[in-house]
file protein-v6.cif (mmCIF, C-alpha atoms)
data_data
loop_
_atom_site.label_atom_id
_atom_site.label_comp_id
_atom_site.auth_asym_id
_atom_site.auth_seq_id
_atom_site.Cartn_x
_atom_site.Cartn_y
_atom_site.Cartn_z
CA MET A 1 -116.96 73.40 276.66
CA ILE A 2 -116.93 69.64 277.25
CA VAL A 3 -114.50 69.13 274.36
CA ILE A 4 -112.13 71.77 275.80
CA LEU A 5 -112.29 70.26 279.29
CA THR A 6 -111.63 66.79 277.86
CA VAL A 7 -108.63 67.96 275.80
CA PHE A 8 -107.09 69.71 278.81
CA ALA A 9 -107.83 66.73 281.08
CA VAL A 10 -106.04 64.39 278.64
CA LEU A 11 -103.03 66.74 278.40
CA VAL A 12 -102.72 67.19 282.16
CA LEU A 13 -103.29 63.48 282.90
CA TYR A 14 -100.56 62.66 280.39
CA ASP A 15 -97.97 65.12 281.72
CA LEU A 16 -98.58 65.80 285.41
CA PRO A 17 -98.16 62.24 286.82
CA ARG A 18 -94.85 62.04 284.95
CA LEU A 19 -93.69 65.34 286.47
CA ILE A 20 -94.70 64.13 289.96
CA ARG A 21 -93.17 60.65 289.47
CA ARG A 22 -89.86 62.18 288.42
CA LYS A 23 -89.96 64.38 291.55
CA GLU A 24 -89.69 67.62 289.62
CA SER A 25 -89.13 70.78 291.59
CA ILE A 26 -92.07 72.85 292.78
CA LYS A 27 -91.24 75.64 290.30
CA VAL A 28 -91.54 73.28 287.30
CA ILE A 29 -94.94 72.06 288.49
CA ALA A 30 -96.03 75.61 289.37
CA ILE A 31 -95.09 76.96 285.91
CA TYR A 32 -96.75 73.96 284.23
CA VAL A 33 -99.96 74.39 286.23
CA SER A 34 -100.08 78.18 285.67
CA LEU A 35 -99.58 77.88 281.89
CA MET A 36 -102.23 75.17 281.60
CA ALA A 37 -104.63 77.07 283.89
CA ALA A 38 -104.20 80.28 281.86
CA SER A 39 -104.79 78.34 278.63
CA LEU A 40 -107.87 76.62 280.07
CA ILE A 41 -109.41 79.87 281.37
CA VAL A 42 -108.89 81.69 278.04
CA SER A 43 -110.23 78.67 276.11
CA LEU A 44 -113.38 78.53 278.25
CA LEU A 45 -113.95 82.28 277.87
CA LEU A 46 -113.51 82.02 274.09
CA ALA A 47 -115.88 79.05 273.94
CA ALA A 48 -118.45 81.02 275.96
CA ASN A 49 -118.17 83.95 273.48
CA LYS A 50 -116.75 86.19 276.21
CA ARG A 51 -113.45 87.01 274.49
CA PRO A 52 -111.22 89.06 276.79
CA ALA A 53 -109.05 91.85 275.30
CA SER A 54 -106.13 90.11 273.60
CA PRO A 55 -102.39 90.82 274.03
CA ALA A 56 -102.41 92.20 270.45
CA GLN A 57 -104.94 94.83 271.55
CA TRP A 58 -102.93 95.66 274.71
CA ILE A 59 -99.74 96.06 272.67
CA LYS A 60 -101.50 98.24 270.09
CA TRP A 61 -102.99 100.34 272.89
CA ILE A 62 -99.57 100.83 274.56
CA LEU A 63 -97.89 101.74 271.25
CA LYS A 64 -100.73 104.18 270.48
CA MET A 65 -100.34 105.76 273.92
CA ILE A 66 -96.59 106.25 273.35
CA GLY A 67 -97.36 107.70 269.90
CA VAL A 68 -95.48 105.08 267.87
CA VAL A 69 -98.61 103.81 266.08
CA LYS A 70 -101.41 106.09 264.86
CA MET B 1 -68.45 64.65 277.91
CA ASP B 2 -71.22 67.19 278.22
CA ILE B 3 -74.43 65.32 278.92
CA GLU B 4 -78.06 66.08 279.59
CA ASN B 5 -81.05 63.99 280.63
CA ASP B 6 -83.81 63.56 278.11
CA TRP B 7 -87.53 63.38 278.86
CA SER B 8 -87.56 59.60 279.26
CA GLY B 9 -84.68 59.64 281.69
CA LYS B 10 -82.02 58.32 279.30
CA VAL B 11 -78.66 60.01 279.19
CA MET B 12 -77.60 61.38 275.86
CA GLU B 13 -74.89 63.51 274.32
CA LYS B 14 -75.36 67.25 274.07
CA SER B 15 -77.01 67.91 270.72
CA ARG B 16 -75.06 69.28 267.78
CA ILE B 17 -76.21 70.45 264.34
CA SER B 18 -74.15 70.77 261.19
CA SER B 19 -73.68 73.95 259.14
CA ILE B 20 -75.98 72.69 256.39
CA GLN B 21 -78.70 71.91 258.97
CA LEU B 22 -78.40 75.40 260.45
CA PHE B 23 -78.49 76.89 256.93
CA LEU B 24 -81.69 74.98 256.14
CA LEU B 25 -83.26 75.80 259.52
CA LEU B 26 -82.54 79.48 258.80
CA ILE B 27 -84.02 79.20 255.29
CA GLY B 28 -87.16 77.48 256.63
CA PHE B 29 -87.47 80.05 259.43
CA LEU B 30 -86.94 83.05 257.13
CA PHE B 31 -89.34 81.69 254.53
CA GLY B 32 -91.82 80.82 257.31
CA SER B 33 -95.16 82.44 256.73
CA THR B 34 -93.89 84.80 253.99
CA VAL B 35 -95.55 82.37 251.60
CA ILE B 36 -98.86 83.93 252.67
CA LEU B 37 -97.80 87.30 254.16
CA ASN B 38 -95.21 89.11 252.06
CA PRO B 39 -94.16 92.12 254.13
CA ALA B 40 -92.63 93.97 251.17
CA LEU B 41 -95.89 94.02 249.17
CA SER B 42 -96.98 97.34 250.69
CA ALA B 43 -94.52 98.98 248.24
CA LYS B 44 -96.71 97.58 245.40
CA ASN B 45 -94.75 97.44 242.10
CA ASP B 46 -91.58 98.75 243.79
CA ALA B 47 -91.52 95.83 246.24
CA TRP B 48 -88.47 94.39 244.44
CA LEU B 49 -86.50 97.43 245.61
CA ALA B 50 -87.91 97.01 249.14
CA ILE B 51 -86.85 93.33 249.11
CA ILE B 52 -83.28 94.27 248.10
CA LEU B 53 -83.01 97.13 250.63
CA GLY B 54 -84.66 94.99 253.33
CA GLY B 55 -82.26 92.16 252.49
CA VAL B 56 -79.25 94.46 253.00
CA GLY B 57 -80.69 95.68 256.31
CA GLY B 58 -81.57 92.12 257.31
CA ALA B 59 -78.03 90.96 256.55
CA LEU B 60 -76.63 93.72 258.80
CA LEU B 61 -79.06 92.76 261.58
CA ILE B 62 -78.22 89.06 261.35
CA GLY B 63 -74.57 90.15 261.30
CA VAL B 64 -75.16 91.79 264.71
CA TYR B 65 -76.68 88.54 266.09
CA VAL B 66 -73.80 86.47 264.68
CA SER B 67 -71.23 88.87 266.18
CA ILE B 68 -72.94 88.59 269.59
CA ALA B 69 -72.83 84.78 269.28
CA LEU B 70 -69.15 84.79 268.26
CA LEU B 71 -68.17 87.19 271.07
CA ASN B 72 -69.96 84.91 273.57
CA PRO B 73 -69.07 81.42 272.35
CA SER B 74 -71.23 78.49 273.57
CA LYS B 75 -73.63 80.85 275.35
CA THR B 76 -77.35 81.13 274.66
CA LEU B 77 -79.25 84.42 274.59
CA VAL B 78 -80.32 83.97 278.24
CA GLU B 79 -76.74 83.33 279.38
CA ILE B 80 -75.49 86.35 277.37
CA LEU B 81 -78.22 88.57 278.87
CA ARG B 82 -77.31 87.42 282.40
CA GLY B 83 -73.61 87.88 281.71
CA ARG B 84 -73.97 91.42 280.36
CA PHE B 85 -76.89 92.85 282.36
CA GLY B 86 -76.45 90.97 285.63
CA LYS B 87 -78.63 88.17 286.98
CA PHE B 88 -81.71 90.20 287.97
CA ILE B 89 -82.05 92.48 284.90
CA GLY B 90 -80.79 89.68 282.63
CA ASN B 91 -83.51 87.32 283.84
CA ALA B 92 -86.18 90.05 283.50
CA VAL B 93 -85.15 90.76 279.87
CA ALA B 94 -84.98 86.99 279.21
CA ILE B 95 -88.61 86.65 280.41
CA LEU B 96 -89.60 89.37 277.91
CA TYR B 97 -87.84 87.40 275.18
CA ILE B 98 -89.67 84.20 276.25
CA TRP B 99 -92.94 86.11 275.80
CA TYR B 100 -91.72 87.39 272.41
CA PHE B 101 -90.92 83.86 271.17
CA ILE B 102 -94.26 82.51 272.42
CA HIS B 103 -96.05 85.43 270.76
CA LEU B 104 -94.18 84.87 267.47
CA ALA B 105 -95.03 81.15 267.50
CA SER B 106 -98.70 82.03 268.09
CA LEU B 107 -98.71 84.50 265.19
CA VAL B 108 -97.32 81.89 262.80
CA PHE B 109 -99.82 79.31 264.12
CA ARG B 110 -102.60 81.79 263.38
CA ASN B 111 -101.23 82.60 259.90
CA PHE B 112 -101.18 78.89 259.17
CA GLY B 113 -104.68 78.35 260.59
CA GLU B 114 -106.19 81.31 258.72
CA PHE B 115 -104.67 80.18 255.44
CA ILE B 116 -105.80 76.57 255.77
CA VAL B 117 -109.38 77.36 256.85
CA THR B 118 -109.72 80.04 254.17
CA VAL B 119 -108.42 78.15 251.16
CA THR B 120 -108.20 74.42 251.90
CA PHE B 121 -110.55 73.27 254.69
CA PRO B 122 -113.26 75.97 254.99
CA GLU B 123 -115.57 73.68 257.01
CA THR B 124 -112.97 72.74 259.63
CA PRO B 125 -112.68 74.81 262.84
CA MET B 126 -109.36 76.66 262.97
CA VAL B 127 -108.51 75.32 266.42
CA VAL B 128 -108.58 71.76 265.07
CA VAL B 129 -106.17 72.63 262.23
CA ILE B 130 -103.80 74.47 264.58
CA GLY B 131 -104.13 71.81 267.31
CA ILE B 132 -103.19 68.90 265.01
CA PHE B 133 -100.25 70.90 263.63
CA ALA B 134 -99.17 71.66 267.22
CA VAL B 135 -99.13 67.96 268.18
CA LEU B 136 -96.70 67.25 265.32
CA LEU B 137 -94.50 70.20 266.20
CA VAL B 138 -94.32 69.47 269.93
CA TYR B 139 -93.19 65.95 269.03
CA GLY B 140 -90.44 67.45 266.85
CA VAL B 141 -89.36 69.92 269.57
CA ASN B 142 -89.32 67.17 272.23
CA SER B 143 -87.14 65.05 269.96
CA GLY B 144 -84.46 67.72 270.21
CA ILE B 145 -82.51 70.12 268.04
CA GLU B 146 -80.76 67.32 266.12
CA VAL B 147 -84.07 65.91 264.92
CA MET B 148 -85.25 69.41 264.00
CA GLY B 149 -82.03 69.82 262.00
CA ARG B 150 -82.51 66.50 260.22
CA LEU B 151 -86.16 67.31 259.45
CA SER B 152 -85.07 70.61 257.92
CA GLU B 153 -82.56 68.72 255.74
CA LEU B 154 -85.39 66.53 254.55
CA PHE B 155 -88.12 69.11 253.99
CA VAL B 156 -86.75 72.65 253.52
CA PRO B 157 -85.24 72.02 250.04
CA ILE B 158 -88.81 71.26 248.89
CA ILE B 159 -89.74 74.94 249.45
CA SER B 160 -87.51 76.23 246.66
CA ILE B 161 -88.41 73.34 244.36
CA ILE B 162 -92.13 74.15 244.75
CA ALA B 163 -91.51 77.89 244.19
CA LEU B 164 -89.58 76.99 241.04
CA ILE B 165 -92.29 74.58 239.77
CA ILE B 166 -95.02 77.22 240.19
CA SER B 167 -92.86 79.93 238.56
CA LEU B 168 -91.97 77.74 235.58
CA SER B 169 -95.62 76.67 235.12
CA LEU B 170 -96.58 80.34 234.70
CA ILE B 171 -93.78 81.27 232.34
CA THR B 172 -96.17 81.74 229.39
CA THR B 173 -98.47 84.18 231.21
CA HIS B 174 -95.92 86.82 232.24
CA ASP B 175 -96.32 90.54 231.61
CA PHE B 176 -93.13 92.36 232.56
CA THR B 177 -94.61 95.87 232.10
CA ALA B 178 -96.33 95.30 235.50
CA PHE B 179 -93.21 96.73 237.19
CA LEU B 180 -93.71 100.14 235.60
CA PRO B 181 -93.72 102.98 236.51
CA ILE B 182 -90.77 102.66 238.88
CA LEU B 183 -90.93 104.73 242.10
CA GLU B 184 -94.36 106.14 241.17
CA ASN B 185 -95.03 107.16 244.80
CA GLY B 186 -91.45 108.09 245.70
CA MET B 187 -89.05 106.39 248.08
CA ALA B 188 -91.16 106.61 251.28
CA PRO B 189 -93.36 103.50 250.70
CA VAL B 190 -90.28 101.55 249.58
CA LEU B 191 -88.32 102.47 252.71
CA ASN B 192 -91.33 101.65 254.91
CA ALA B 193 -91.75 98.23 253.23
CA ALA B 194 -87.99 97.61 253.50
CA PHE B 195 -88.16 98.34 257.24
CA ILE B 196 -91.08 95.92 257.65
CA PHE B 197 -89.10 93.33 255.65
CA ILE B 198 -86.12 93.77 258.00
CA THR B 199 -88.22 93.16 261.12
CA PHE B 200 -90.25 90.37 259.49
CA PRO B 201 -88.59 87.93 258.88
CA PHE B 202 -84.89 88.89 259.34
CA GLY B 203 -85.11 90.43 262.82
CA GLU B 204 -87.04 87.43 264.10
CA THR B 205 -83.87 85.32 263.72
CA ILE B 206 -82.93 86.67 267.17
CA ALA B 207 -84.49 83.34 268.28
CA PHE B 208 -81.45 81.61 266.74
CA LEU B 209 -79.26 83.01 269.52
CA MET B 210 -80.78 80.12 271.51
CA LEU B 211 -79.69 77.66 268.77
CA PHE B 212 -76.27 78.95 267.66
CA PRO B 213 -74.43 77.20 270.56
CA HIS B 214 -75.50 73.86 269.06
CA LEU B 215 -73.55 74.47 265.82
CA ASN B 216 -70.68 71.98 265.58
CA LYS B 217 -68.34 74.28 263.62
CA LYS B 218 -68.61 77.81 265.01
CA GLY B 219 -66.28 79.15 262.31
CA ASN B 220 -68.98 78.62 259.68
CA LEU B 221 -71.57 80.78 261.43
CA LYS B 222 -70.89 83.97 259.40
CA LYS B 223 -70.85 82.12 256.09
CA VAL B 224 -74.03 80.15 256.87
CA SER B 225 -76.04 83.22 257.88
CA ALA B 226 -74.81 85.33 254.93
CA LEU B 227 -75.71 82.55 252.48
CA SER B 228 -79.16 82.07 254.01
CA VAL B 229 -79.94 85.81 253.73
CA LEU B 230 -78.76 85.80 250.11
CA PHE B 231 -80.88 82.73 249.35
CA ILE B 232 -84.01 84.19 250.93
CA VAL B 233 -83.62 87.54 249.13
CA ALA B 234 -83.22 85.67 245.81
CA LEU B 235 -86.26 83.45 246.57
CA SER B 236 -88.39 86.44 247.64
CA LEU B 237 -87.42 88.28 244.44
CA LEU B 238 -88.31 85.25 242.31
CA ILE B 239 -91.71 84.90 244.02
CA PHE B 240 -92.40 88.64 243.77
CA ILE B 241 -91.43 88.82 240.07
CA ARG B 242 -93.63 85.79 239.38
CA ASP B 243 -96.62 87.19 241.29
CA ILE B 244 -96.50 90.74 239.91
CA SER B 245 -95.97 89.69 236.33
CA VAL B 246 -98.92 87.29 236.53
CA LEU B 247 -101.36 89.28 238.68
CA GLY B 248 -100.29 92.91 238.14
CA SER B 249 -99.46 95.24 241.02
CA ASP B 250 -103.05 96.23 241.90
CA LEU B 251 -104.46 92.69 242.16
CA MET B 252 -101.31 91.52 243.94
CA TYR B 253 -101.71 94.26 246.56
CA ARG B 254 -105.42 93.50 247.07
CA ALA B 255 -105.07 89.69 247.32
CA THR B 256 -105.06 88.25 250.85
CA PHE B 257 -102.88 85.24 250.01
CA THR B 258 -100.95 86.26 246.88
CA PRO B 259 -98.91 83.08 246.09
CA HIS B 260 -102.07 81.00 246.49
CA LEU B 261 -103.94 83.20 244.00
CA THR B 262 -101.01 82.96 241.56
CA SER B 263 -100.95 79.18 241.85
CA LEU B 264 -104.65 79.04 240.88
CA LEU B 265 -103.89 80.69 237.54
CA ILE B 266 -101.77 77.88 236.10
CA PRO B 267 -103.71 76.65 233.04
CA GLY B 268 -104.81 73.01 233.25
CA LEU B 269 -102.95 72.23 236.47
CA ASN B 270 -103.98 72.38 240.13
CA VAL B 271 -100.92 73.06 242.28
CA GLU B 272 -102.85 74.61 245.18
CA PRO B 273 -101.75 71.87 247.65
CA LEU B 274 -98.11 72.73 246.91
CA VAL B 275 -98.60 76.18 248.47
CA ASP B 276 -100.06 74.43 251.54
CA ILE B 277 -96.99 72.18 251.67
CA ASN B 278 -94.68 75.20 251.49
CA LEU B 279 -96.51 76.84 254.37
CA LEU B 280 -96.49 73.59 256.32
CA ILE B 281 -92.70 73.32 255.98
CA GLY B 282 -91.80 77.00 256.44
CA GLY B 283 -94.36 77.65 259.17
CA GLY B 284 -93.51 74.38 260.90
CA THR B 285 -89.80 75.21 260.98
CA LYS B 286 -90.47 78.72 262.28
CA ILE B 287 -92.87 77.59 265.01
CA SER B 288 -90.54 74.74 266.09
CA VAL B 289 -87.60 77.14 266.41
CA CYS B 290 -89.70 79.67 268.35
CA ILE B 291 -91.11 77.04 270.74
CA TYR B 292 -87.66 75.50 271.20
CA ALA B 293 -86.18 78.95 271.94
CA ALA B 294 -89.00 79.77 274.40
CA VAL B 295 -88.82 76.42 276.18
CA LYS B 296 -85.03 76.46 276.43
CA ALA B 297 -84.98 80.08 277.61
CA LEU B 298 -87.62 79.34 280.26
CA SER B 299 -85.70 76.31 281.50
CA GLN B 300 -82.49 78.36 281.76
CA VAL B 301 -84.22 81.20 283.61
CA LEU B 302 -85.75 78.72 286.08
CA GLY B 303 -82.60 76.59 286.28
CA ILE B 304 -84.30 73.40 285.05
CA GLY B 305 -81.95 70.78 283.62
CA ASP B 306 -84.11 69.43 280.81
CA CYS B 307 -85.89 72.01 278.72
CA ARG B 308 -88.53 69.60 277.36
CA LYS B 309 -90.49 69.32 280.60
CA LEU B 310 -92.46 72.46 279.79
CA SER B 311 -92.79 72.12 276.00
CA THR B 312 -96.35 70.72 276.09
CA ALA B 313 -97.57 73.49 278.40
CA ILE B 314 -95.94 76.22 276.30
CA THR B 315 -97.24 74.78 273.01
CA THR B 316 -100.76 74.50 274.49
CA PHE B 317 -100.52 78.15 275.55
CA CYS B 318 -99.31 79.11 272.02
CA VAL B 319 -102.31 77.34 270.43
CA VAL B 320 -104.78 79.08 272.75
CA LEU B 321 -103.01 82.44 272.24
CA SER B 322 -103.14 82.01 268.47
CA ILE B 323 -106.95 81.73 268.62
CA TRP B 324 -107.33 84.49 271.20
CA ILE B 325 -104.97 87.06 269.71
CA TYR B 326 -107.02 88.25 266.68
CA GLU B 327 -110.71 88.38 265.95
CA ASN B 328 -110.35 87.86 262.19
CA VAL B 329 -107.95 87.62 259.25
CA LEU B 330 -108.13 91.35 258.49
CA GLU B 331 -107.04 92.25 262.03
CA MET B 332 -104.18 89.74 261.68
CA LEU B 333 -102.94 91.27 258.39
CA SER B 334 -103.27 94.85 259.64
CA TRP B 335 -101.49 94.08 262.95
CA ALA B 336 -98.65 92.26 261.21
CA GLU B 337 -98.05 95.25 258.91
CA LYS B 338 -98.70 98.21 261.23
CA VAL B 339 -97.92 97.15 264.79
CA TRP B 340 -95.54 94.15 264.73
CA PRO B 341 -92.51 96.01 263.21
CA TYR B 342 -92.59 98.74 265.90
CA TYR B 343 -93.32 96.31 268.74
CA SER B 344 -90.32 94.23 267.57
CA ILE B 345 -87.78 97.10 267.60
CA PRO B 346 -86.64 96.64 271.24
CA PHE B 347 -86.34 92.85 270.88
CA GLN B 348 -84.71 92.81 267.44
CA ILE B 349 -82.64 96.01 267.35
CA ILE B 350 -82.20 97.92 270.64
CA ILE B 351 -81.37 95.07 273.08
CA PRO B 352 -79.10 93.20 270.58
CA LEU B 353 -77.18 96.45 269.84
CA ILE B 354 -76.67 97.05 273.58
CA LEU B 355 -75.54 93.41 273.96
CA LEU B 356 -73.10 93.82 271.06
CA ALA B 357 -71.64 97.03 272.51
CA LEU B 358 -71.22 95.44 275.98
CA SER B 359 -69.71 92.28 274.46
CA LEU B 360 -67.22 94.31 272.40
CA LYS B 361 -66.28 96.34 275.49
CA LYS B 362 -65.66 93.16 277.48
CA GLU B 363 -63.63 91.63 274.65
CA LYS B 364 -61.48 94.81 274.43
CA ARG B 365 -60.88 94.72 278.20
CA ARG B 366 -59.98 91.02 278.01
CA ARG B 367 -57.43 91.70 275.25
CA ILE B 368 -55.82 94.55 277.25
CA VAL B 369 -55.59 92.30 280.33
CA SER B 370 -54.09 89.42 278.32
CA LYS B 371 -51.48 91.81 276.78
CA THR B 372 -50.38 93.17 280.14
#
call {"tool": "encode", "arguments": {"input": "protein-v6.cif", "output": "structure tokens"}}
result
Amino acid sequence: MIVILTVFAVLVLYDLPRLIRRKESIKVIAIYVSLMAASLIVSLLLAANKRPASPAQWIKWILKMIGVVK
Amino acid sequence: MDIENDWSGKVMEKSRISSIQLFLLLIGFLFGSTVILNPALSAKNDAWLAIILGGVGGALLIGVYVSIALLNPSKTLVEILRGRFGKFIGNAVAILYIWYFIHLASLVFRNFGEFIVTVTFPETPMVVVIGIFAVLLVYGVNSGIEVMGRLSELFVPIISIIALIISLSLITTHDFTAFLPILENGMAPVLNAAFIFITFPFGETIAFLMLFPHLNKKGNLKKVSALSVLFIVALSLLIFIRDISVLGSDLMYRATFTPHLTSLLIPGLNVEPLVDINLLIGGGTKISVCIYAAVKALSQVLGIGDCRKLSTAITTFCVVLSIWIYENVLEMLSWAEKVWPYYSIPFQIIIPLILLALSLKKEKRRRIVSKT
């Protein structure tokens, strides 16, 4: 957990001040923060052995429901 | 002069790549992770036929992408989608493509990670292997398409040299009766394997619609793509013939990483790291192209000038997704063979065919208007 938090802190501290200093638009910062937040949440859940259903499983489920995959 | 700002604020020329660089990027991309996952192997000893049929289908599919690019000169996939479908639907489909490129990059990351932790560094956590690889690739992507092109010039030729070295080293242990009997189970498994081979890797070159506008000589696009398909079919056939004649069809079908197993059988020589190098080059090229396509598409959808602002965030997401997406190697192999080809159909076949039809219609209308 601590390793994950450290890695993400380093990444954000490296990128975010630069985005703010260059006066990037709100949408750039919003997309950046959402991608990093999603990555952090999934990483913490994986580290805590609480793996949420993955996109591969959702896609397989949808294709099964349509009848494309058996 | 067309200019764009780079990450450090400097002004630089709009990037251009040569025909040879595009050819090598395509070779690296198409070879990609096929060094560990050969999609045609489900046809067992008839895989050679599946490779040829898949190659023909793949050439037609790449022909569709090239025609779209030539009918919409200097436009990326996102711009073509907006132009043909309108801004709202075009942007929505472009977001789906961004997801598709991110997903593809994650799959190749995972293939790479699984291979390395299974055969080379069994004690190392997969996330460390993938993470270090990602740092290198994000540096390459941030350096721009020209640097990616130059790197491909430097590294991609090594792929074929390594394949040749391994094949020649095994020349004394070949058994060519391994191909027989031909079409033992009929045409159905061959056609199925050929379809998988079309979607993986040929259909995935849809990502190049984000790169084609960078080609300096647009006239060479058809020739470059046709040559790259021909080269990859020849290379895949060489690798398949080598593997089946050394391992036999049954062992080849059962092996998780076939070329790696073949490389272990060379008497008195350990060339195992060469397979790792091939995967590093092919996988690296494929992931770089996918991340570049995703980052550029996202920046065009959002209307951001410089596409590299979001590359770190997207690559971080790809790394996390690659760990999250499968529970184990068996799930990865099964998903790649049974689900990926069908999931890819809209992205690789349906939407491009609609785009081609709409582009042809517009071109026809333009010609009529210019005549009158």
call {"tool": "resolve_selection", "arguments": {"input": "protein-v6.cif", "expression": "the PyMOL selection byres ((chain B) within 6 of (chain A))", "output": "list in words"}}
result
Ala313, Phe317, Val320 and Ile325 of chain B
call {"tool": "residues_around", "arguments": {"input": "protein-v6.cif", "residues": "B:Ile241", "least_positions_apart": "3", "cutoff": "9 Å", "atoms": "all atoms listed in the file", "output": "list of chain:residue names"}}
result
B:Trp48, B:Phe176, B:Phe179, B:Ser236, B:Leu237, B:Leu238, B:Ile244, B:Ser245, B:Val246
call {"tool": "residues_around", "arguments": {"input": "protein-v6.cif", "residues": "stretch 342-356 of chain B", "least_positions_apart": "6", "cutoff": "8 Å", "atoms": "only C-alpha atoms", "output": "MDAnalysis selection string"}}
result
(chainID A and resid 59 63 68:69) or (chainID B and resid 61 64:65 67:68 80:81 84 97 100 199 203:204 206)
call {"tool": "residues_around", "arguments": {"input": "protein-v6.cif", "residues": "stretch 159-171 of chain B", "least_positions_apart": "3", "cutoff": "9 Å", "atoms": "all atoms listed in the file", "output": "ChimeraX atom specification"}}
result
/B:28,31,155-156,174,235,238-239,242-243,246,262-263,265-267,269,271,274-275,277-279,281-282
call {"tool": "resolve_selection", "arguments": {"input": "protein-v6.cif", "expression": "the PyMOL selection byres ((chain B and resi 38) around 9)", "output": "ChimeraX atom specification"}}
result
/B:33-37,39-42,197,236,240,257-258
call {"tool": "closest_residue", "arguments": {"input": "protein-v6.cif", "among": "A:Met1, A:Thr6, A:Gly67, A:Leu16", "to": "A:Asn49", "atoms": "all atoms listed in the file"}}
result
A:Met1
call {"tool": "closest_residue", "arguments": {"input": "protein-v6.cif", "among": "A:Pro17, A:Ala47, A:Lys23, A:Ala30", "to": "A:Ile4", "atoms": "all atoms listed in the file"}}
result
A:Ala47
call {"tool": "closest_residue", "arguments": {"input": "protein-v6.cif", "among": "B:Lys222, B:His214, B:Lys309, B:Arg366", "to": "B:Lys14", "atoms": "all atoms listed in the file"}}
result
B:His214
call {"tool": "atom_distance", "arguments": {"input": "protein-v6.cif", "atom1": "atom CA of A:Ile26", "atom2": "atom CA of B:Gly303"}}
result
12.1 Å
call {"tool": "residues_around", "arguments": {"input": "protein-v6.cif", "residues": "B:Met148", "least_positions_apart": "3", "cutoff": "9 Å", "atoms": "all atoms listed in the file", "output": "list in words"}}
result
Gln21, Leu25, Gly140, Val141, Ser143, Gly144, Ile145, Leu151, Ser152, Glu153, Thr285, Ser288 and Val289 of chain B
call {"tool": "atom_distance", "arguments": {"input": "protein-v6.cif", "atom1": "atom CA of B:Val128", "atom2": "atom CA of A:Ala9"}}
result
16.8 Å
call {"tool": "atom_distance", "arguments": {"input": "protein-v6.cif", "atom1": "atom CA of B:Lys338", "atom2": "atom CA of B:Gly131"}}
result
27.6 Å
call {"tool": "resolve_selection", "arguments": {"input": "protein-v6.cif", "expression": "the PyMOL selection byres ((chain B and resi 225) around 12)", "output": "VMD selection string"}}
result
chain B and resid 19 to 27 29 to 30 58 to 67 69 202 205 208 212 218 to 224 226 to 232
call {"tool": "closest_residue", "arguments": {"input": "protein-v6.cif", "among": "B:Arg82, B:Trp335, B:Asn91, B:Val138", "to": "A:Trp61", "atoms": "only C-alpha atoms"}}
result
B:Trp335
call {"tool": "residues_around", "arguments": {"input": "protein-v6.cif", "residues": "B:Gly186", "least_positions_apart": "4", "cutoff": "10 Å", "atoms": "all atoms listed in the file", "output": "PyMOL selection string"}}
result
chain B and resi 43+46+182+190-191
